[in-house]
Amino acid sequence: MPRARFITFEGIEGAGKTTLAQQLGAWLQGQGIAVVLTREPGGSPLGTQLRPLLLHEAIDPYTELFLFLADRREHTLRLILPALQQGTWVLSDRYADSTLVYQGYGRGLDLTLIRQLNALATDGLLPDLTVLIDLPVETALARANAPNRFEAETLAFHQRIRDGYLQEAAREPERFLILDGRQPPEALLAQAQRALQRWL
Ligand code: T5A
């Protein structure tokens, strides 16, 4: 059996992360691989309670940062690390890059500070692969179907998020797989499957 891998999905609102994560998870299961699909915020019992607060309450940017980090630490310690240790692959719809990009590039909080806090929240865990679905802001926002207070931000905010993701991907090209989100779901799935073949 191949070693269990940790794969994260990132991108702006409505990019198609959930769709791809679900399809890739089903495909892996079809290959006989144990998979858990999870998400942030909300991947732990505490996170389930934090999610509605984070998505709908108007809060201070640092409060927001601390809550996303608290959600991540619980998620990492209670779900992700135990699953990986048991040989189960973990596919997470958003992880640490979301904080770097939304609270850092988006809200303007210090990137170095967020990197340090992320390292603490994740216990140093890094994804084996991060699939970044990139596409124009207007196209993605027209698709997003679960309104939250981030979607109500300005186009300039979402553009900073998109640019931030691309800058982070350029810093770590070996970890990121950038997919053109304007393609249909089947094309995205095929490209993600090819990227995983090396581990199967
Ligand atoms: N956040 C999160 C932070 O600020 N900091 C953090 O640290 C973290 C972890 C989470 C919010 O919290 C913020 C970021 C977010 O604003 P969320 O509800 O999880 O909120 O929001 P999103 O992750 O943006 O989820 P969405 O559901 O809006 O977007 P997805 O998952 O990217 O898109 P998906 O797959 O649901 O698809 C949306 C629609 O498009 C269609 C689907 O059928 C669906 O109708 N679609 C496609 N259409 C055409 N072509 C494709 N390739 C398509 N793929 C999907």
# chains A, B, ... in the order shown; residues from 1 in each chain; ligands from 1
$ closest_atom_pairs --of "chain A" --to "ligand 1" --cutoff "7 Å" --atoms "only C-alpha atoms and all ligand atoms" --output "tab-separated table"
residue	atom	partner	partner_atom_place_in_ligand_line	distance
A:Gly11	CA	ligand 1	32 (O)	6.4
A:Ile12	CA	ligand 1	24 (O)	5.8
A:Glu13	CA	ligand 1	24 (O)	3.2
A:Gly14	CA	ligand 1	29 (O)	3.4
A:Ala15	CA	ligand 1	32 (O)	3.8
A:Gly16	CA	ligand 1	35 (O)	3.3
A:Lys17	CA	ligand 1	32 (O)	3.8
A:Thr18	CA	ligand 1	31 (O)	3.7
A:Thr19	CA	ligand 1	35 (O)	3.7
A:Leu20	CA	ligand 1	35 (O)	6.4
A:Glu40	CA	ligand 1	9 (C)	4.5
A:Pro41	CA	ligand 1	9 (C)	4.9
A:Leu54	CA	ligand 1	12 (O)	7.0
A:Leu55	CA	ligand 1	11 (C)	6.1
A:Phe68	CA	ligand 1	7 (O)	5.0
A:Asp93	CA	ligand 1	23 (O)	6.7
A:Arg94	CA	ligand 1	9 (C)	5.2
A:Tyr95	CA	ligand 1	9 (C)	5.4
A:Ala96	CA	ligand 1	7 (O)	6.1
A:Ser98	CA	ligand 1	7 (O)	4.4
A:Thr99	CA	ligand 1	7 (O)	3.4
A:Tyr102	CA	ligand 1	4 (O)	4.6
A:Gln103	CA	ligand 1	4 (O)	5.9
A:Arg143	CA	ligand 1	40 (O)	4.6
A:Ala144	CA	ligand 1	28 (O)	4.3
A:Asn145	CA	ligand 1	28 (O)	5.9
A:Ala146	CA	ligand 1	28 (O)	5.7
A:Asn148	CA	ligand 1	16 (O)	6.7
A:Phe150	CA	ligand 1	16 (O)	4.6
A:Glu151	CA	ligand 1	16 (O)	6.2
A:Gly181	CA	ligand 1	52 (N)	5.5
A:Arg182	CA	ligand 1	52 (N)	6.0
A:Gln183	CA	ligand 1	52 (N)	5.3
A:Pro184	CA	ligand 1	52 (N)	4.1
A:Pro185	CA	ligand 1	52 (N)	3.9
A:Leu188	CA	ligand 1	52 (N)	6.7
$ select_by_dssp --residues "stretch 56-178 of chain A" --states "strand (DSSP E or B)" --output "list in words"
Trp89, Val90, Leu91, Ser92, Asp93, Leu129, Thr130, Val131, Leu132, Ile133, Asp134, Phe176, Leu177 and Ile178 of chain A
$ select_by_dssp --residues "chain A" --states "alpha helix (DSSP H)" --output "PyMOL selection string"
chain A and resi 17-30+45-56+61-75+81-85+96-99+111-121+137-143+155-171+185-196
$ atom_distance --atom1 "atom CA of A:Leu129" --atom2 "atom CA of A:Gln191"
13.0 Å
$ closest_residue --among "A:Ala34, A:Glu57, A:Leu126, A:Leu50" --to "A:Arg149" --atoms "only C-alpha atoms"
A:Glu57
$ closest_residue --among "A:Pro61, A:Gly124, A:Leu141, A:Ala83" --to "A:Gly104" --atoms "only C-alpha atoms"
A:Pro61
$ residues_around --residues "A:Leu69" --least-positions-apart "6" --cutoff "8 Å" --atoms "only C-alpha atoms" --output "JSON, numbers by chain"
{"A": [117, 118, 121]}
$ write_last_selection --atoms "N, CA, C and O atoms" --output "CSV table (one decimal), in the first residue's frame"
chain,number,residue,atom,x,y,z
A,117,LEU,N,2.7,31.4,12.8
A,117,LEU,CA,1.5,30.9,13.6
A,117,LEU,C,1.0,29.7,12.9
A,117,LEU,O,0.5,28.7,13.5
A,118,ASN,N,1.0,29.6,11.5
A,118,ASN,CA,0.6,28.5,10.8
A,118,ASN,C,1.5,27.2,11.2
A,118,ASN,O,0.9,26.1,11.3
A,121,ALA,N,0.1,26.0,14.4
A,121,ALA,CA,-1.2,25.5,14.3
A,121,ALA,C,-1.2,24.1,13.6
A,121,ALA,O,-2.0,23.2,13.9
$ atom_distance --atom1 "atom CA of A:Thr63" --atom2 "atom CA of A:Tyr165"
22.3 Å
$ closest_residue --among "A:Trp89, A:Trp27, A:Phe66, A:Phe157" --to "A:Glu186" --atoms "only C-alpha atoms"
A:Trp27
$ closest_residue --among "A:Val137, A:Ala195, A:Leu200, A:Leu113" --to "A:Gly32" --atoms "only C-alpha atoms"
A:Leu200
$ atom_distance --atom1 "atom CA of A:Arg5" --atom2 "atom CA of A:Leu196"
9.5 Å
$ residues_around --residues "A:Leu166" --least-positions-apart "4" --cutoff "12 Å" --atoms "only C-alpha atoms" --output "PyMOL selection string"
chain A and resi 10-12+97+101+105+131-135+159-162+170-173+176-180
$ residues_around --residues "A:Pro127" --least-positions-apart "2" --cutoff "7 Å" --atoms "only C-alpha atoms" --output "compact mmCIF listing (two decimals) with N, CA, C and O atoms, in the first residue's frame"
# COMPACT_ATOMS: atom_id res chain seq x y z
N PHE A 6 -1.29 13.67 2.12
CA PHE A 6 -2.14 14.79 2.56
C PHE A 6 -2.22 15.78 1.40
O PHE A 6 -1.20 16.34 0.98
N ILE A 7 -3.43 15.95 0.89
CA ILE A 7 -3.62 16.80 -0.30
C ILE A 7 -4.61 17.92 0.05
O ILE A 7 -5.67 17.66 0.62
N THR A 8 -4.24 19.15 -0.28
CA THR A 8 -5.14 20.27 0.02
C THR A 8 -5.58 20.93 -1.29
O THR A 8 -4.90 20.84 -2.32
N LEU A 125 3.10 20.31 9.96
CA LEU A 125 2.64 19.47 8.85
C LEU A 125 2.48 20.29 7.58
O LEU A 125 1.86 21.36 7.59
N LEU A 129 0.78 17.67 -1.47
CA LEU A 129 0.39 18.35 -2.71
C LEU A 129 -0.71 19.36 -2.40
O LEU A 129 -1.63 19.05 -1.64
N THR A 130 -0.59 20.54 -2.99
CA THR A 130 -1.65 21.53 -2.89
C THR A 130 -2.14 21.84 -4.30
O THR A 130 -1.37 22.30 -5.14
$ closest_residue --among "A:Ala70, A:Met1, A:Leu77, A:Ala169" --to "A:Thr48" --atoms "only C-alpha atoms"
A:Ala70
$ residues_around --residues "A:Gly87" --least-positions-apart "3" --cutoff "7 Å" --atoms "only C-alpha atoms" --output "list in words"
Arg3, Ala4, Ala83 and Leu84 of chain A
$ write_last_selection --atoms "all heavy atoms" --output "PDB file, in the first residue's frame"
ATOM      1  N   ARG A   3       2.165   5.018   0.891  1.00  0.00           N
ATOM      2  CA  ARG A   3       2.042   5.847   2.100  1.00  0.00           C
ATOM      3  C   ARG A   3       0.870   6.817   1.950  1.00  0.00           C
ATOM      4  O   ARG A   3       0.625   7.333   0.864  1.00  0.00           O
ATOM      5  CB  ARG A   3       3.356   6.630   2.284  1.00  0.00           C
ATOM      6  CG  ARG A   3       3.306   7.677   3.379  1.00  0.00           C
ATOM      7  CD  ARG A   3       4.689   8.199   3.694  1.00  0.00           C
ATOM      8  NE  ARG A   3       5.189   9.246   2.810  1.00  0.00           N
ATOM      9  CZ  ARG A   3       4.757  10.511   2.797  1.00  0.00           C
ATOM     10  NH1 ARG A   3       3.763  10.889   3.581  1.00  0.00           N
ATOM     11  NH2 ARG A   3       5.291  11.389   1.987  1.00  0.00           N
ATOM     12  N   ALA A   4       0.179   7.041   3.049  1.00  0.00           N
ATOM     13  CA  ALA A   4      -0.956   7.964   2.997  1.00  0.00           C
ATOM     14  C   ALA A   4      -0.469   9.379   2.719  1.00  0.00           C
ATOM     15  O   ALA A   4       0.531   9.820   3.287  1.00  0.00           O
ATOM     16  CB  ALA A   4      -1.714   7.921   4.312  1.00  0.00           C
ATOM     17  N   ALA A  83      -5.469  10.302  11.040  1.00  0.00           N
ATOM     18  CA  ALA A  83      -5.837   9.603   9.799  1.00  0.00           C
ATOM     19  C   ALA A  83      -4.582   9.199   9.029  1.00  0.00           C
ATOM     20  O   ALA A  83      -4.455   8.044   8.592  1.00  0.00           O
ATOM     21  CB  ALA A  83      -6.726  10.503   8.935  1.00  0.00           C
ATOM     22  N   LEU A  84      -3.646  10.114   8.873  1.00  0.00           N
ATOM     23  CA  LEU A  84      -2.422   9.803   8.118  1.00  0.00           C
ATOM     24  C   LEU A  84      -1.653   8.665   8.801  1.00  0.00           C
ATOM     25  O   LEU A  84      -1.127   7.771   8.130  1.00  0.00           O
ATOM     26  CB  LEU A  84      -1.534  11.047   7.990  1.00  0.00           C
ATOM     27  CG  LEU A  84      -2.101  12.185   7.111  1.00  0.00           C
ATOM     28  CD1 LEU A  84      -1.234  13.434   7.228  1.00  0.00           C
ATOM     29  CD2 LEU A  84      -2.213  11.743   5.644  1.00  0.00           C
TER      30      LEU A  84
END
$ decode --residues "stretch 70-83 of chain A" --atoms "all heavy atoms" --output "PDB file, in the first residue's frame"
ATOM      1  N   ALA A  70      -7.091  28.374  15.459  1.00  0.00           N
ATOM      2  CA  ALA A  70      -7.611  27.438  16.467  1.00  0.00           C
ATOM      3  C   ALA A  70      -8.319  26.282  15.756  1.00  0.00           C
ATOM      4  O   ALA A  70      -8.140  25.106  16.108  1.00  0.00           O
ATOM      5  CB  ALA A  70      -8.571  28.162  17.403  1.00  0.00           C
ATOM      6  N   ASP A  71      -9.109  26.627  14.751  1.00  0.00           N
ATOM      7  CA  ASP A  71      -9.793  25.610  13.950  1.00  0.00           C
ATOM      8  C   ASP A  71      -8.766  24.653  13.336  1.00  0.00           C
ATOM      9  O   ASP A  71      -8.926  23.429  13.370  1.00  0.00           O
ATOM     10  CB  ASP A  71     -10.596  26.320  12.851  1.00  0.00           C
ATOM     11  CG  ASP A  71     -11.182  25.356  11.843  1.00  0.00           C
ATOM     12  OD1 ASP A  71     -12.033  24.542  12.238  1.00  0.00           O
ATOM     13  OD2 ASP A  71     -10.791  25.407  10.661  1.00  0.00           O
ATOM     14  N   ARG A  72      -7.685  25.235  12.806  1.00  0.00           N
ATOM     15  CA  ARG A  72      -6.659  24.405  12.126  1.00  0.00           C
ATOM     16  C   ARG A  72      -5.943  23.482  13.098  1.00  0.00           C
ATOM     17  O   ARG A  72      -5.668  22.333  12.782  1.00  0.00           O
ATOM     18  CB  ARG A  72      -5.645  25.331  11.421  1.00  0.00           C
ATOM     19  CG  ARG A  72      -4.522  24.567  10.699  1.00  0.00           C
ATOM     20  CD  ARG A  72      -3.962  25.363   9.556  1.00  0.00           C
ATOM     21  NE  ARG A  72      -5.066  25.866   8.772  1.00  0.00           N
ATOM     22  CZ  ARG A  72      -5.304  27.173   8.535  1.00  0.00           C
ATOM     23  NH1 ARG A  72      -4.453  28.086   8.948  1.00  0.00           N
ATOM     24  NH2 ARG A  72      -6.367  27.542   7.852  1.00  0.00           N
ATOM     25  N   ARG A  73      -5.622  23.967  14.269  1.00  0.00           N
ATOM     26  CA  ARG A  73      -4.881  23.116  15.210  1.00  0.00           C
ATOM     27  C   ARG A  73      -5.739  21.923  15.649  1.00  0.00           C
ATOM     28  O   ARG A  73      -5.272  20.784  15.684  1.00  0.00           O
ATOM     29  CB  ARG A  73      -4.399  23.931  16.416  1.00  0.00           C
ATOM     30  CG  ARG A  73      -3.527  23.104  17.322  1.00  0.00           C
ATOM     31  CD  ARG A  73      -2.458  23.889  18.045  1.00  0.00           C
ATOM     32  NE  ARG A  73      -1.749  22.998  18.965  1.00  0.00           N
ATOM     33  CZ  ARG A  73      -0.646  22.331  18.664  1.00  0.00           C
ATOM     34  NH1 ARG A  73      -0.079  22.475  17.491  1.00  0.00           N
ATOM     35  NH2 ARG A  73      -0.069  21.535  19.534  1.00  0.00           N
ATOM     36  N   GLU A  74      -6.997  22.186  15.968  1.00  0.00           N
ATOM     37  CA  GLU A  74      -7.898  21.086  16.341  1.00  0.00           C
ATOM     38  C   GLU A  74      -8.046  20.097  15.181  1.00  0.00           C
ATOM     39  O   GLU A  74      -8.009  18.887  15.375  1.00  0.00           O
ATOM     40  CB  GLU A  74      -9.280  21.643  16.713  1.00  0.00           C
ATOM     41  CG  GLU A  74      -9.309  22.318  18.049  1.00  0.00           C
ATOM     42  CD  GLU A  74      -9.018  21.349  19.186  1.00  0.00           C
ATOM     43  OE1 GLU A  74      -9.746  20.364  19.333  1.00  0.00           O
ATOM     44  OE2 GLU A  74      -8.036  21.587  19.925  1.00  0.00           O
ATOM     45  N   HIS A  75      -8.227  20.632  13.993  1.00  0.00           N
ATOM     46  CA  HIS A  75      -8.391  19.811  12.787  1.00  0.00           C
ATOM     47  C   HIS A  75      -7.158  18.923  12.569  1.00  0.00           C
ATOM     48  O   HIS A  75      -7.266  17.728  12.295  1.00  0.00           O
ATOM     49  CB  HIS A  75      -8.585  20.773  11.601  1.00  0.00           C
ATOM     50  CG  HIS A  75      -8.965  20.130  10.310  1.00  0.00           C
ATOM     51  ND1 HIS A  75      -8.688  20.716   9.104  1.00  0.00           N
ATOM     52  CD2 HIS A  75      -9.595  18.963  10.014  1.00  0.00           C
ATOM     53  CE1 HIS A  75      -9.139  19.943   8.136  1.00  0.00           C
ATOM     54  NE2 HIS A  75      -9.692  18.875   8.663  1.00  0.00           N
ATOM     55  N   THR A  76      -5.978  19.538  12.715  1.00  0.00           N
ATOM     56  CA  THR A  76      -4.729  18.812  12.471  1.00  0.00           C
ATOM     57  C   THR A  76      -4.531  17.709  13.515  1.00  0.00           C
ATOM     58  O   THR A  76      -4.221  16.562  13.169  1.00  0.00           O
ATOM     59  CB  THR A  76      -3.538  19.792  12.511  1.00  0.00           C
ATOM     60  OG1 THR A  76      -3.764  20.819  11.545  1.00  0.00           O
ATOM     61  CG2 THR A  76      -2.232  19.084  12.201  1.00  0.00           C
ATOM     62  N   LEU A  77      -4.705  18.071  14.795  1.00  0.00           N
ATOM     63  CA  LEU A  77      -4.396  17.112  15.864  1.00  0.00           C
ATOM     64  C   LEU A  77      -5.454  16.025  15.991  1.00  0.00           C
ATOM     65  O   LEU A  77      -5.135  14.880  16.287  1.00  0.00           O
ATOM     66  CB  LEU A  77      -4.259  17.837  17.206  1.00  0.00           C
ATOM     67  CG  LEU A  77      -3.106  18.854  17.300  1.00  0.00           C
ATOM     68  CD1 LEU A  77      -3.043  19.450  18.699  1.00  0.00           C
ATOM     69  CD2 LEU A  77      -1.767  18.217  16.931  1.00  0.00           C
ATOM     70  N   ARG A  78      -6.709  16.390  15.760  1.00  0.00           N
ATOM     71  CA  ARG A  78      -7.780  15.419  16.020  1.00  0.00           C
ATOM     72  C   ARG A  78      -8.157  14.589  14.803  1.00  0.00           C
ATOM     73  O   ARG A  78      -8.628  13.475  14.957  1.00  0.00           O
ATOM     74  CB  ARG A  78      -9.034  16.121  16.543  1.00  0.00           C
ATOM     75  CG  ARG A  78      -8.821  16.668  17.918  1.00  0.00           C
ATOM     76  CD  ARG A  78     -10.066  17.347  18.452  1.00  0.00           C
ATOM     77  NE  ARG A  78      -9.753  18.021  19.684  1.00  0.00           N
ATOM     78  CZ  ARG A  78      -9.755  17.427  20.871  1.00  0.00           C
ATOM     79  NH1 ARG A  78     -10.066  16.163  20.971  1.00  0.00           N
ATOM     80  NH2 ARG A  78      -9.445  18.120  21.961  1.00  0.00           N
ATOM     81  N   LEU A  79      -7.983  15.142  13.623  1.00  0.00           N
ATOM     82  CA  LEU A  79      -8.426  14.399  12.435  1.00  0.00           C
ATOM     83  C   LEU A  79      -7.281  14.072  11.478  1.00  0.00           C
ATOM     84  O   LEU A  79      -7.060  12.914  11.134  1.00  0.00           O
ATOM     85  CB  LEU A  79      -9.521  15.189  11.701  1.00  0.00           C
ATOM     86  CG  LEU A  79     -10.171  14.429  10.548  1.00  0.00           C
ATOM     87  CD1 LEU A  79     -11.661  14.711  10.483  1.00  0.00           C
ATOM     88  CD2 LEU A  79      -9.554  14.756   9.200  1.00  0.00           C
ATOM     89  N   ILE A  80      -6.503  15.100  11.071  1.00  0.00           N
ATOM     90  CA  ILE A  80      -5.572  14.869   9.955  1.00  0.00           C
ATOM     91  C   ILE A  80      -4.420  13.943  10.358  1.00  0.00           C
ATOM     92  O   ILE A  80      -4.166  12.930   9.692  1.00  0.00           O
ATOM     93  CB  ILE A  80      -5.028  16.216   9.422  1.00  0.00           C
ATOM     94  CG1 ILE A  80      -6.190  17.086   8.929  1.00  0.00           C
ATOM     95  CG2 ILE A  80      -4.014  15.978   8.302  1.00  0.00           C
ATOM     96  CD1 ILE A  80      -5.795  18.503   8.531  1.00  0.00           C
ATOM     97  N   LEU A  81      -3.726  14.273  11.433  1.00  0.00           N
ATOM     98  CA  LEU A  81      -2.564  13.454  11.806  1.00  0.00           C
ATOM     99  C   LEU A  81      -2.966  12.020  12.164  1.00  0.00           C
ATOM    100  O   LEU A  81      -2.333  11.067  11.683  1.00  0.00           O
ATOM    101  CB  LEU A  81      -1.780  14.119  12.948  1.00  0.00           C
ATOM    102  CG  LEU A  81      -1.001  15.378  12.532  1.00  0.00           C
ATOM    103  CD1 LEU A  81      -0.376  16.063  13.752  1.00  0.00           C
ATOM    104  CD2 LEU A  81       0.078  15.063  11.499  1.00  0.00           C
ATOM    105  N   PRO A  82      -4.023  11.818  12.962  1.00  0.00           N
ATOM    106  CA  PRO A  82      -4.419  10.426  13.242  1.00  0.00           C
ATOM    107  C   PRO A  82      -4.772   9.660  11.973  1.00  0.00           C
ATOM    108  O   PRO A  82      -4.400   8.490  11.828  1.00  0.00           O
ATOM    109  CB  PRO A  82      -5.637  10.581  14.164  1.00  0.00           C
ATOM    110  CG  PRO A  82      -5.455  11.920  14.817  1.00  0.00           C
ATOM    111  CD  PRO A  82      -4.791  12.778  13.780  1.00  0.00           C
ATOM    112  N   ALA A  83      -5.469  10.302  11.040  1.00  0.00           N
ATOM    113  CA  ALA A  83      -5.837   9.603   9.799  1.00  0.00           C
ATOM    114  C   ALA A  83      -4.582   9.199   9.029  1.00  0.00           C
ATOM    115  O   ALA A  83      -4.455   8.044   8.592  1.00  0.00           O
ATOM    116  CB  ALA A  83      -6.726  10.503   8.935  1.00  0.00           C
TER     117      ALA A  83
END
